[in-house]
>>> print(open('structure-v9.cif').read())   # mmCIF, C-alpha atoms and all ligand atoms
data_final
loop_
_atom_site.label_atom_id
_atom_site.label_comp_id
_atom_site.auth_asym_id
_atom_site.auth_seq_id
_atom_site.Cartn_x
_atom_site.Cartn_y
_atom_site.Cartn_z
CA MET A 210 0.00 0.00 0.00
CA ILE A 211 1.20 3.52 -0.70
CA ASP A 212 2.40 5.61 2.18
CA LEU A 213 -0.58 7.85 2.86
CA LYS A 214 1.47 10.46 4.74
CA ILE A 215 3.78 10.90 1.76
CA LYS A 216 0.87 10.98 -0.66
CA ALA A 217 -0.84 13.73 1.35
CA TYR A 218 2.30 15.91 1.22
CA GLU A 219 2.88 15.27 -2.48
CA LEU A 220 -0.69 16.36 -3.09
CA ARG A 221 -0.19 19.47 -0.94
CA LYS A 222 2.47 20.52 -3.45
CA ASP A 223 0.02 19.89 -6.32
CA ILE A 224 -2.68 21.96 -4.58
CA VAL A 225 -0.42 24.94 -3.81
CA THR A 226 0.94 24.87 -7.37
CA LEU A 227 -2.56 24.65 -8.89
CA ILE A 228 -3.74 27.68 -6.93
CA TYR A 229 -0.54 29.67 -7.59
CA ASN A 230 -0.81 29.04 -11.33
CA ALA A 231 -4.56 29.69 -11.53
CA GLY A 232 -4.45 32.77 -9.30
CA CYS A 233 -7.44 31.60 -7.27
CA GLY A 234 -8.56 28.93 -4.83
CA HIS A 235 -9.24 28.08 -1.21
CA ILE A 236 -5.81 27.07 -0.05
CA GLY A 237 -6.41 26.99 3.73
CA GLY A 238 -9.33 24.56 3.61
CA ASP A 239 -7.65 22.46 0.92
CA LEU A 240 -4.62 21.94 3.13
CA SER A 241 -6.73 21.12 6.17
CA VAL A 242 -8.89 18.51 4.38
CA ILE A 243 -6.34 16.76 2.18
CA ASP A 244 -5.36 14.05 4.68
CA ILE A 245 -9.03 13.03 4.97
CA LEU A 246 -9.44 12.86 1.20
CA VAL A 247 -6.25 10.81 0.82
CA VAL A 248 -7.37 8.21 3.37
CA LEU A 249 -10.79 7.98 1.71
CA TYR A 250 -9.61 7.78 -1.89
CA TYR A 251 -6.48 5.65 -1.44
CA LYS A 252 -7.74 3.30 1.26
CA HIS A 253 -11.49 3.13 1.81
CA LEU A 254 -13.70 4.33 -1.02
CA ASN A 255 -14.87 1.49 -3.18
CA CYS A 256 -14.83 3.52 -6.36
CA SER A 257 -12.31 4.02 -9.13
CA PRO A 258 -12.18 5.47 -12.64
CA GLU A 259 -13.42 2.08 -13.86
CA THR A 260 -16.34 1.83 -11.42
CA ILE A 261 -17.48 5.44 -11.11
CA ASP A 262 -20.82 4.64 -12.78
CA HIS A 263 -21.31 1.28 -11.07
CA PRO A 264 -24.48 1.19 -8.93
CA ASP A 265 -22.61 -0.52 -6.08
CA ARG A 266 -19.82 2.08 -5.81
CA ASP A 267 -19.29 4.02 -2.61
CA ARG A 268 -20.44 7.64 -2.88
CA PHE A 269 -18.52 10.72 -1.78
CA VAL A 270 -19.92 14.24 -1.43
CA LEU A 271 -17.57 17.14 -0.70
CA SER A 272 -20.09 19.32 1.08
CA LYS A 273 -17.44 21.99 1.77
CA GLY A 274 -17.22 22.43 -1.98
CA HIS A 275 -14.78 25.34 -1.86
CA ALA A 276 -12.04 22.75 -1.19
CA ALA A 277 -12.45 21.67 -4.83
CA GLU A 278 -8.74 22.05 -5.57
CA ALA A 279 -7.90 19.33 -3.04
CA LEU A 280 -10.53 17.00 -4.52
CA TYR A 281 -9.47 17.69 -8.12
CA CYS A 282 -5.81 16.98 -7.29
CA VAL A 283 -6.79 13.68 -5.64
CA LEU A 284 -9.03 12.64 -8.53
CA ALA A 285 -6.36 13.49 -11.11
CA ASP A 286 -3.75 11.53 -9.17
CA ARG A 287 -6.14 8.56 -8.91
CA GLY A 288 -6.60 8.61 -12.69
CA PHE A 289 -10.18 9.88 -12.96
CA PHE A 290 -8.90 12.36 -15.55
CA PRO A 291 -5.49 13.44 -16.90
CA LYS A 292 -3.51 15.79 -14.64
CA SER A 293 -3.01 18.08 -17.65
CA ASP A 294 -6.78 18.80 -17.57
CA LEU A 295 -6.05 21.03 -14.57
CA ASP A 296 -3.73 23.29 -16.59
CA ASN A 297 -6.77 25.44 -17.39
CA TYR A 298 -8.19 25.25 -13.86
CA SER A 299 -10.77 28.03 -13.42
CA GLY A 300 -9.95 29.25 -16.92
CA PHE A 301 -12.40 30.38 -19.58
CA LYS A 302 -14.76 27.54 -20.58
CA SER A 303 -12.98 25.07 -18.26
CA LYS A 304 -15.26 22.54 -16.57
CA TYR A 305 -12.74 22.49 -13.70
CA ILE A 306 -14.27 25.41 -11.86
CA GLY A 307 -13.75 26.60 -8.29
CA HIS A 308 -16.34 24.25 -6.81
CA PRO A 309 -17.04 20.57 -7.61
CA ASN A 310 -18.78 20.19 -10.95
CA ASN A 311 -20.42 16.92 -11.88
CA GLU A 312 -19.33 17.31 -15.49
CA VAL A 313 -15.93 16.24 -14.11
CA ASN A 314 -15.34 12.50 -14.00
CA GLY A 315 -15.51 11.32 -10.40
CA ILE A 316 -17.67 14.15 -9.05
CA GLU A 317 -21.04 12.82 -7.86
CA VAL A 318 -22.79 16.11 -7.25
CA ASN A 319 -22.24 19.84 -7.55
CA THR A 320 -21.53 21.41 -4.18
CA GLY A 321 -20.23 24.64 -2.79
CA SER A 322 -23.43 26.37 -1.96
CA LEU A 323 -22.88 25.38 1.64
CA GLY A 324 -25.29 23.40 3.76
CA HIS A 325 -26.63 20.98 1.15
CA GLY A 326 -24.08 18.16 0.84
CA LEU A 327 -25.15 16.29 3.95
CA SER A 328 -28.79 16.15 2.84
CA VAL A 329 -27.73 14.86 -0.59
CA ALA A 330 -25.62 12.21 1.13
CA VAL A 331 -28.59 11.29 3.33
CA GLY A 332 -30.67 10.76 0.19
CA MET A 333 -27.97 8.55 -1.31
CA ALA A 334 -27.78 6.51 1.89
CA ILE A 335 -31.58 6.09 2.06
CA ALA A 336 -31.55 4.96 -1.58
CA GLY A 337 -28.88 2.39 -0.74
CA LYS A 338 -31.04 1.00 2.06
CA MET A 339 -34.14 0.88 -0.16
CA ASP A 340 -32.23 -0.94 -2.90
CA ASN A 341 -30.55 -3.35 -0.46
CA LYS A 342 -27.13 -2.16 -1.57
CA ASP A 343 -23.99 -2.47 0.51
CA TYR A 344 -22.35 0.74 -0.67
CA ARG A 345 -21.37 3.37 1.86
CA VAL A 346 -21.80 7.13 1.62
CA TYR A 347 -19.24 9.63 2.88
CA THR A 348 -19.46 13.38 3.12
CA VAL A 349 -17.01 16.01 4.37
CA LEU A 350 -18.38 19.16 5.96
CA GLY A 351 -16.62 22.34 6.96
CA ASP A 352 -17.01 23.48 10.54
CA GLY A 353 -18.07 26.94 9.39
CA GLU A 354 -20.64 25.16 7.23
CA LEU A 355 -22.33 23.86 10.39
CA ASP A 356 -23.79 27.37 10.79
CA GLU A 357 -26.24 26.49 8.02
CA GLY A 358 -29.62 25.39 9.41
CA SER A 359 -30.12 22.90 6.58
CA ILE A 360 -27.21 20.85 7.94
CA TRP A 361 -29.19 20.09 11.08
CA GLU A 362 -32.19 18.94 9.07
CA GLY A 363 -29.87 16.41 7.42
CA VAL A 364 -28.47 15.43 10.83
CA MET A 365 -31.99 14.72 12.11
CA ALA A 366 -33.03 12.77 9.01
CA ALA A 367 -29.91 10.57 9.02
CA SER A 368 -30.61 9.58 12.60
CA HIS A 369 -34.33 9.06 12.00
CA TYR A 370 -33.62 6.67 9.12
CA GLN A 371 -30.85 4.91 11.10
CA LEU A 372 -28.36 5.43 8.29
CA ASP A 373 -25.46 3.32 9.46
CA ASN A 374 -24.20 3.33 5.85
CA LEU A 375 -23.45 7.05 6.18
CA THR A 376 -20.29 8.61 7.61
CA ALA A 377 -19.99 12.38 7.92
CA ILE A 378 -16.59 13.91 8.59
CA VAL A 379 -16.34 17.44 9.96
CA ASP A 380 -13.14 19.23 8.95
CA ARG A 381 -12.92 21.13 12.20
CA ASN A 382 -10.17 23.67 11.62
CA ASN A 383 -11.88 26.24 13.90
CA LEU A 384 -11.80 28.91 11.20
CA GLN A 385 -14.15 30.11 8.50
CA ILE A 386 -13.97 32.87 5.95
CA THR A 387 -14.50 35.72 8.42
CA GLY A 388 -12.58 34.41 11.40
CA TRP A 389 -12.67 31.94 14.26
CA THR A 390 -15.80 29.78 14.38
CA LYS A 391 -16.13 30.47 18.12
CA ASP A 392 -16.57 34.18 17.32
CA VAL A 393 -18.87 33.76 14.31
CA MET A 394 -21.15 31.06 15.76
CA SER A 395 -20.01 29.15 18.79
CA GLN A 396 -19.74 25.36 18.50
CA ASP A 397 -18.88 24.39 22.04
CA ARG A 398 -19.59 20.76 22.98
CA LEU A 399 -19.89 19.93 19.28
CA GLU A 400 -19.66 16.21 20.00
CA ASP A 401 -22.60 16.45 22.43
CA ARG A 402 -24.67 18.24 19.83
CA TRP A 403 -24.25 15.46 17.22
CA ALA A 404 -24.75 12.77 19.89
CA ALA A 405 -27.98 14.44 21.02
CA PHE A 406 -29.28 14.04 17.48
CA GLY A 407 -28.58 10.30 17.66
CA TRP A 408 -25.22 9.99 15.91
CA TYR A 409 -22.26 7.90 16.95
CA VAL A 410 -19.40 10.36 17.45
CA ILE A 411 -15.66 9.84 17.04
CA THR A 412 -13.16 12.66 17.65
CA ILE A 413 -9.69 12.44 16.13
CA PRO A 414 -6.65 14.52 15.25
CA GLY A 415 -7.75 15.29 11.70
CA ASN A 416 -4.41 15.66 9.95
CA ASP A 417 -3.22 12.27 11.21
CA VAL A 418 -3.78 9.70 8.44
CA ASP A 419 -3.55 6.74 10.85
CA ALA A 420 -6.22 8.20 13.13
CA ILE A 421 -8.44 9.01 10.13
CA ASP A 422 -8.01 5.47 8.84
CA ARG A 423 -8.96 3.91 12.20
CA ALA A 424 -12.01 6.15 12.59
CA ILE A 425 -13.36 5.39 9.11
CA GLU A 426 -12.85 1.68 9.72
CA LYS A 427 -14.60 1.87 13.07
CA ALA A 428 -17.58 3.70 11.55
CA LYS A 429 -18.18 0.76 9.20
CA ASN A 430 -18.96 -1.40 12.23
CA ILE A 431 -21.39 0.95 13.99
CA LYS A 432 -24.89 -0.37 13.46
CA GLY A 433 -28.29 1.33 13.65
CA LYS A 434 -27.06 4.92 13.54
CA PRO A 435 -24.92 7.20 11.37
CA THR A 436 -21.40 8.12 12.45
CA VAL A 437 -19.78 11.52 12.51
CA ILE A 438 -16.02 11.90 12.73
CA ILE A 439 -15.02 15.23 14.23
CA ALA A 440 -11.60 15.74 12.67
CA ASN A 441 -9.64 18.39 14.53
CA THR A 442 -7.54 19.85 11.73
CA ILE A 443 -5.33 22.85 11.12
CA LYS A 444 -6.35 25.26 8.41
CA GLY A 445 -3.39 25.64 6.04
CA CYS A 446 -1.77 22.52 7.51
CA GLY A 447 1.74 21.90 6.22
CA VAL A 448 2.78 25.45 5.35
CA SER A 449 3.85 27.28 8.50
CA PHE A 450 2.82 30.81 7.56
CA MET A 451 -0.61 29.67 6.30
CA GLU A 452 -1.53 27.67 9.40
CA ASN A 453 -4.41 28.93 11.56
CA GLN A 454 -4.80 32.12 9.52
CA ALA A 455 -8.30 33.11 8.37
CA GLY A 456 -6.65 35.28 5.72
CA TRP A 457 -5.43 32.17 3.91
CA HIS A 458 -9.03 30.99 3.43
CA HIS A 459 -8.76 32.08 -0.19
CA ARG A 460 -5.60 34.13 -0.53
CA VAL A 461 -3.23 33.26 -3.38
CA PRO A 462 0.52 32.99 -2.68
CA ASN A 463 2.82 35.48 -4.39
CA ASP A 464 6.09 34.31 -5.99
CA GLU A 465 8.03 34.48 -2.74
CA GLU A 466 5.32 32.77 -0.69
CA TYR A 467 4.94 30.05 -3.29
CA ALA A 468 8.67 29.32 -3.24
CA LYS A 469 8.72 29.23 0.56
CA ALA A 470 5.65 26.95 0.70
CA MET A 471 7.17 24.50 -1.78
CA GLU A 472 10.44 24.52 0.14
CA GLU A 473 8.65 23.66 3.39
CA LEU A 474 6.55 20.93 1.80
CA GLU A 475 9.58 19.39 0.09
CA ALA A 476 11.51 19.40 3.37
CA LYS A 477 8.62 17.61 5.07
CA LEU A 478 8.48 15.09 2.23
CA GLU A 479 12.20 14.37 2.48
CA LYS A 480 11.76 13.68 6.19
CA LEU A 481 8.81 11.36 5.57
CA ARG A 482 10.64 9.49 2.81
CA ARG A 483 13.63 8.93 5.10
CA VAL A 484 11.51 7.17 7.74
CA SER A 485 9.30 5.21 5.34
MG MG A 501 -13.39 25.72 8.82
#
>>> encode(input="structure-v9.cif", output="structure tokens", more="lines below")
Ligand SMILES: [Mg+2]
Amino acid sequence: MIDLKIKAYELRKDIVTLIYNAGCGHIGGDLSVIDILVVLYYKHLNCSPETIDHPDRDRFVLSKGHAAEALYCVLADRGFFPKSDLDNYSGFKSKYIGHPNNEVNGIEVNTGSLGHGLSVAVGMAIAGKMDNKDYRVYTVLGDGELDEGSIWEGVMAASHYQLDNLTAIVDRNNLQITGWTKDVMSQDRLEDRWAAFGWYVITIPGNDVDAIDRAIEKAKNIKGKPTVIIANTIKGCGVSFMENQAGWHHRVPNDEEYAKAMEELEAKLEKLRRVS
């Protein structure tokens, strides 16, 4: 099996380069969520370029759709489309736009208007139950996204229908576009809130691929209720000057910042390769 830690840092370089070249993107959230996407796409999701239309495939919905660059880099690396397709990312007439677009191979549903992905995933999970399918449904939510009331309708429905084929992962980096989540809309005792709605709750360090892997595996064995994984992440994780900075929600690195970011990521990769 590939080394997931190394893969996550290789993809961080792809993400930073994509955003630098395109002159747009949501770099902070991409770098916080990438470890989760790597564990899903390289270890757990039962879907591939060959099976993306198969009715039994696992489904994935990136509810925090502004992290599209991270998802596109993963899908390209997994062979859903050629990496060169991203050369015109966010360019004129490109289908690779700043939020997931289901014209792109591997994207199940358009997202990015926040607050809707969980309910779509709930529908997919209900359909799986009705059709007696064994596929699982995964969705990743932003913590800022939890401010949307529609999320909590999906939380209630998933519990009501006992959707144990559904796993939601909250990318809890404690920041959103305008600042700290605790200042915008407090989320204290977040685990208790999900548990009160009837979910099984697992809290993990969210940039730790081993912890992510264990949590996703555990969720597969929870019966009679959906599982939420609260992944405590760092926005901008991997690039020191981007970490925990709301300003890097969608800032684009200049030449100097790009060079420094790539230098840091390469140094981290060298370290990881030495111990692997
Ligand atoms: Mg956030």
>>> residues_around(input="structure-v9.cif", residues="A:Leu271", least_positions_apart="5", cutoff="9 Å", atoms="all atoms listed in the file", output="short mmCIF file (atom, residue, chain, number, x, y, z; two decimals) with C-alpha atoms, in the frame of the given file")
data_model
loop_
_atom_site.label_atom_id
_atom_site.label_comp_id
_atom_site.auth_asym_id
_atom_site.auth_seq_id
_atom_site.Cartn_x
_atom_site.Cartn_y
_atom_site.Cartn_z
CA ALA A 276 -12.04 22.75 -1.19
CA ALA A 277 -12.45 21.67 -4.83
CA LEU A 280 -10.53 17.00 -4.52
CA PRO A 309 -17.04 20.57 -7.61
CA ILE A 316 -17.67 14.15 -9.05
CA VAL A 318 -22.79 16.11 -7.25
CA ASN A 319 -22.24 19.84 -7.55
CA THR A 320 -21.53 21.41 -4.18
CA GLY A 321 -20.23 24.64 -2.79
CA GLY A 326 -24.08 18.16 0.84
CA LEU A 327 -25.15 16.29 3.95
CA TYR A 347 -19.24 9.63 2.88
CA THR A 348 -19.46 13.38 3.12
CA VAL A 349 -17.01 16.01 4.37
CA LEU A 350 -18.38 19.16 5.96
#
>>> closest_atom_pairs(input="structure-v9.cif", of="chain A", to="ligand MG 501 (chain A)", cutoff="7 Å", atoms="all atoms listed in the file", output="JSON lines")
{"residue": "A:Gly238", "atom": "CA", "partner": "A:MG501", "partner_atom": "MG", "distance": 6.7}
{"residue": "A:Gly351", "atom": "CA", "partner": "A:MG501", "partner_atom": "MG", "distance": 5.0}
{"residue": "A:Asp352", "atom": "CA", "partner": "A:MG501", "partner_atom": "MG", "distance": 4.6}
{"residue": "A:Gly353", "atom": "CA", "partner": "A:MG501", "partner_atom": "MG", "distance": 4.9}
{"residue": "A:Asp380", "atom": "CA", "partner": "A:MG501", "partner_atom": "MG", "distance": 6.5}
{"residue": "A:Arg381", "atom": "CA", "partner": "A:MG501", "partner_atom": "MG", "distance": 5.7}
{"residue": "A:Asn382", "atom": "CA", "partner": "A:MG501", "partner_atom": "MG", "distance": 4.7}
{"residue": "A:Asn383", "atom": "CA", "partner": "A:MG501", "partner_atom": "MG", "distance": 5.3}
{"residue": "A:Leu384", "atom": "CA", "partner": "A:MG501", "partner_atom": "MG", "distance": 4.3}
{"residue": "A:Gln385", "atom": "CA", "partner": "A:MG501", "partner_atom": "MG", "distance": 4.5}
>>> atom_distance(input="structure-v9.cif", atom1="atom CA of A:Ala455", atom2="atom CA of A:Gly388")
5.4 Å
>>> residues_around(input="structure-v9.cif", residues="A:Met471", least_positions_apart="3", cutoff="9 Å", atoms="only C-alpha atoms", output="JSON, numbers by chain")
{"A": [221, 222, 225, 226, 448, 466, 467, 468, 474, 475, 476]}
>>> write_last_selection(input="structure-v9.cif", atoms="C-alpha atoms", output="tab-separated table (two decimals), in the frame of the given file")
chain	number	residue	atom	x	y	z
A	221	ARG	CA	-0.19	19.47	-0.94
A	222	LYS	CA	2.47	20.52	-3.45
A	225	VAL	CA	-0.42	24.94	-3.81
A	226	THR	CA	0.94	24.87	-7.37
A	448	VAL	CA	2.78	25.45	5.35
A	466	GLU	CA	5.32	32.77	-0.69
A	467	TYR	CA	4.94	30.05	-3.29
A	468	ALA	CA	8.67	29.32	-3.24
A	474	LEU	CA	6.55	20.93	1.80
A	475	GLU	CA	9.58	19.39	0.09
A	476	ALA	CA	11.51	19.40	3.37
>>> closest_residue(input="structure-v9.cif", among="A:Ile228, A:Ile378, A:Ile425, A:Ile431", to="A:Asp296", atoms="all atoms listed in the file")
A:Ile228
>>> residues_around(input="structure-v9.cif", residues="A:Lys429", least_positions_apart="4", cutoff="9 Å", atoms="only C-alpha atoms", output="ChimeraX atom specification")
/A:345,373-376,424-425,436
>>> residues_around(input="structure-v9.cif", residues="A:His369", least_positions_apart="2", cutoff="10 Å", atoms="all atoms listed in the file", output="PyMOL selection string")
chain A and resi 363-367+371-372+406-408+433-435
>>> atom_distance(input="structure-v9.cif", atom1="atom CA of A:Val437", atom2="atom CA of A:Ile236")
24.4 Å
>>> residues_around(input="structure-v9.cif", residues="A:Ile215", least_positions_apart="6", cutoff="8 Å", atoms="all atoms listed in the file", output="VMD selection string")
chain A and resid 478 481 to 482
>>> closest_residue(input="structure-v9.cif", among="A:Ile261, A:Lys480, A:Asn441, A:Gly315", to="A:Ile413", atoms="only C-alpha atoms")
A:Asn441
>>> atom_distance(input="structure-v9.cif", atom1="atom CA of A:Thr442", atom2="atom CA of A:Tyr218")
14.9 Å
>>> closest_residue(input="structure-v9.cif", among="A:Val410, A:Val346, A:Ile243, A:Ile386", to="A:Lys214", atoms="all atoms listed in the file")
A:Ile243
>>> closest_residue(input="structure-v9.cif", among="A:Gly237, A:Gly300, A:Gly332, A:Pro291", to="A:Arg268", atoms="all atoms listed in the file")
A:Gly332
>>> residues_near_point(input="structure-v9.cif", point="(-7.6, 28.4, -9.1)", cutoff="8 Å", atoms="all atoms listed in the file", output="list in words")
Leu227, Ile228, Tyr229, Asn230, Ala231, Gly232, Cys233, Gly234, Glu278, Tyr298, Ser299, Ile306 and Gly307 of chain A
>>> closest_residue(input="structure-v9.cif", among="A:Leu399, A:Val283, A:Met333, A:Ile224", to="A:Ala470", atoms="all atoms listed in the file")
A:Ile224
>>> closest_residue(input="structure-v9.cif", among="A:Tyr370, A:His253, A:Tyr281, A:Glu452", to="A:Lys427", atoms="all atoms listed in the file")
A:His253
>>> build_atoms(input="structure-v9.cif", residues="stretch 213-237 of chain A", atoms="N, CA and C atoms", output="compact mmCIF listing (two decimals), keeping the file's coordinate frame")
# COMPACT_ATOMS: atom_id res chain seq x y z
N LEU A 213 0.43 6.80 2.93
CA LEU A 213 -0.58 7.85 2.86
C LEU A 213 -0.04 9.21 3.32
N LYS A 214 0.90 9.18 4.28
CA LYS A 214 1.47 10.46 4.74
C LYS A 214 2.22 11.14 3.60
N ILE A 215 3.02 10.35 2.89
CA ILE A 215 3.78 10.90 1.76
C ILE A 215 2.83 11.38 0.68
N LYS A 216 1.84 10.59 0.38
CA LYS A 216 0.87 10.98 -0.66
C LYS A 216 0.21 12.32 -0.31
N ALA A 217 -0.16 12.49 0.95
CA ALA A 217 -0.84 13.73 1.35
C ALA A 217 0.08 14.95 1.16
N TYR A 218 1.39 14.77 1.41
CA TYR A 218 2.30 15.91 1.22
C TYR A 218 2.64 16.14 -0.24
N GLU A 219 2.70 15.08 -1.03
CA GLU A 219 2.88 15.27 -2.48
C GLU A 219 1.69 16.04 -3.05
N LEU A 220 0.51 15.68 -2.58
CA LEU A 220 -0.69 16.36 -3.09
C LEU A 220 -0.78 17.80 -2.59
N ARG A 221 -0.23 18.07 -1.40
CA ARG A 221 -0.19 19.47 -0.94
C ARG A 221 0.60 20.32 -1.94
N LYS A 222 1.68 19.77 -2.45
CA LYS A 222 2.47 20.52 -3.45
C LYS A 222 1.64 20.76 -4.71
N ASP A 223 0.89 19.74 -5.13
CA ASP A 223 0.02 19.89 -6.32
C ASP A 223 -1.02 20.98 -6.09
N ILE A 224 -1.61 20.99 -4.89
CA ILE A 224 -2.68 21.96 -4.58
C ILE A 224 -2.12 23.39 -4.60
N VAL A 225 -1.00 23.59 -3.90
CA VAL A 225 -0.42 24.94 -3.81
C VAL A 225 -0.02 25.42 -5.21
N THR A 226 0.51 24.50 -6.01
CA THR A 226 0.94 24.87 -7.37
C THR A 226 -0.28 25.19 -8.24
N LEU A 227 -1.33 24.40 -8.11
CA LEU A 227 -2.56 24.65 -8.89
C LEU A 227 -3.11 26.04 -8.59
N ILE A 228 -3.16 26.39 -7.33
CA ILE A 228 -3.74 27.68 -6.93
C ILE A 228 -2.82 28.85 -7.33
N TYR A 229 -1.52 28.64 -7.18
CA TYR A 229 -0.54 29.67 -7.59
C TYR A 229 -0.66 29.94 -9.09
N ASN A 230 -0.74 28.88 -9.88
CA ASN A 230 -0.81 29.04 -11.33
C ASN A 230 -2.13 29.65 -11.78
N ALA A 231 -3.24 29.22 -11.12
CA ALA A 231 -4.56 29.69 -11.53
C ALA A 231 -4.86 31.10 -11.00
N GLY A 232 -4.20 31.46 -9.90
CA GLY A 232 -4.45 32.77 -9.30
C GLY A 232 -5.74 32.81 -8.50
N CYS A 233 -6.23 31.64 -8.11
CA CYS A 233 -7.44 31.60 -7.27
C CYS A 233 -7.54 30.24 -6.59
N GLY A 234 -8.35 30.20 -5.52
CA GLY A 234 -8.56 28.93 -4.83
C GLY A 234 -8.69 29.12 -3.34
N HIS A 235 -9.03 28.04 -2.67
CA HIS A 235 -9.24 28.08 -1.21
C HIS A 235 -8.16 27.24 -0.53
N ILE A 236 -7.01 27.82 -0.42
CA ILE A 236 -5.81 27.07 -0.05
C ILE A 236 -5.87 26.56 1.40
N GLY A 237 -6.40 27.39 2.31
CA GLY A 237 -6.41 26.99 3.73
C GLY A 237 -7.24 25.74 3.97
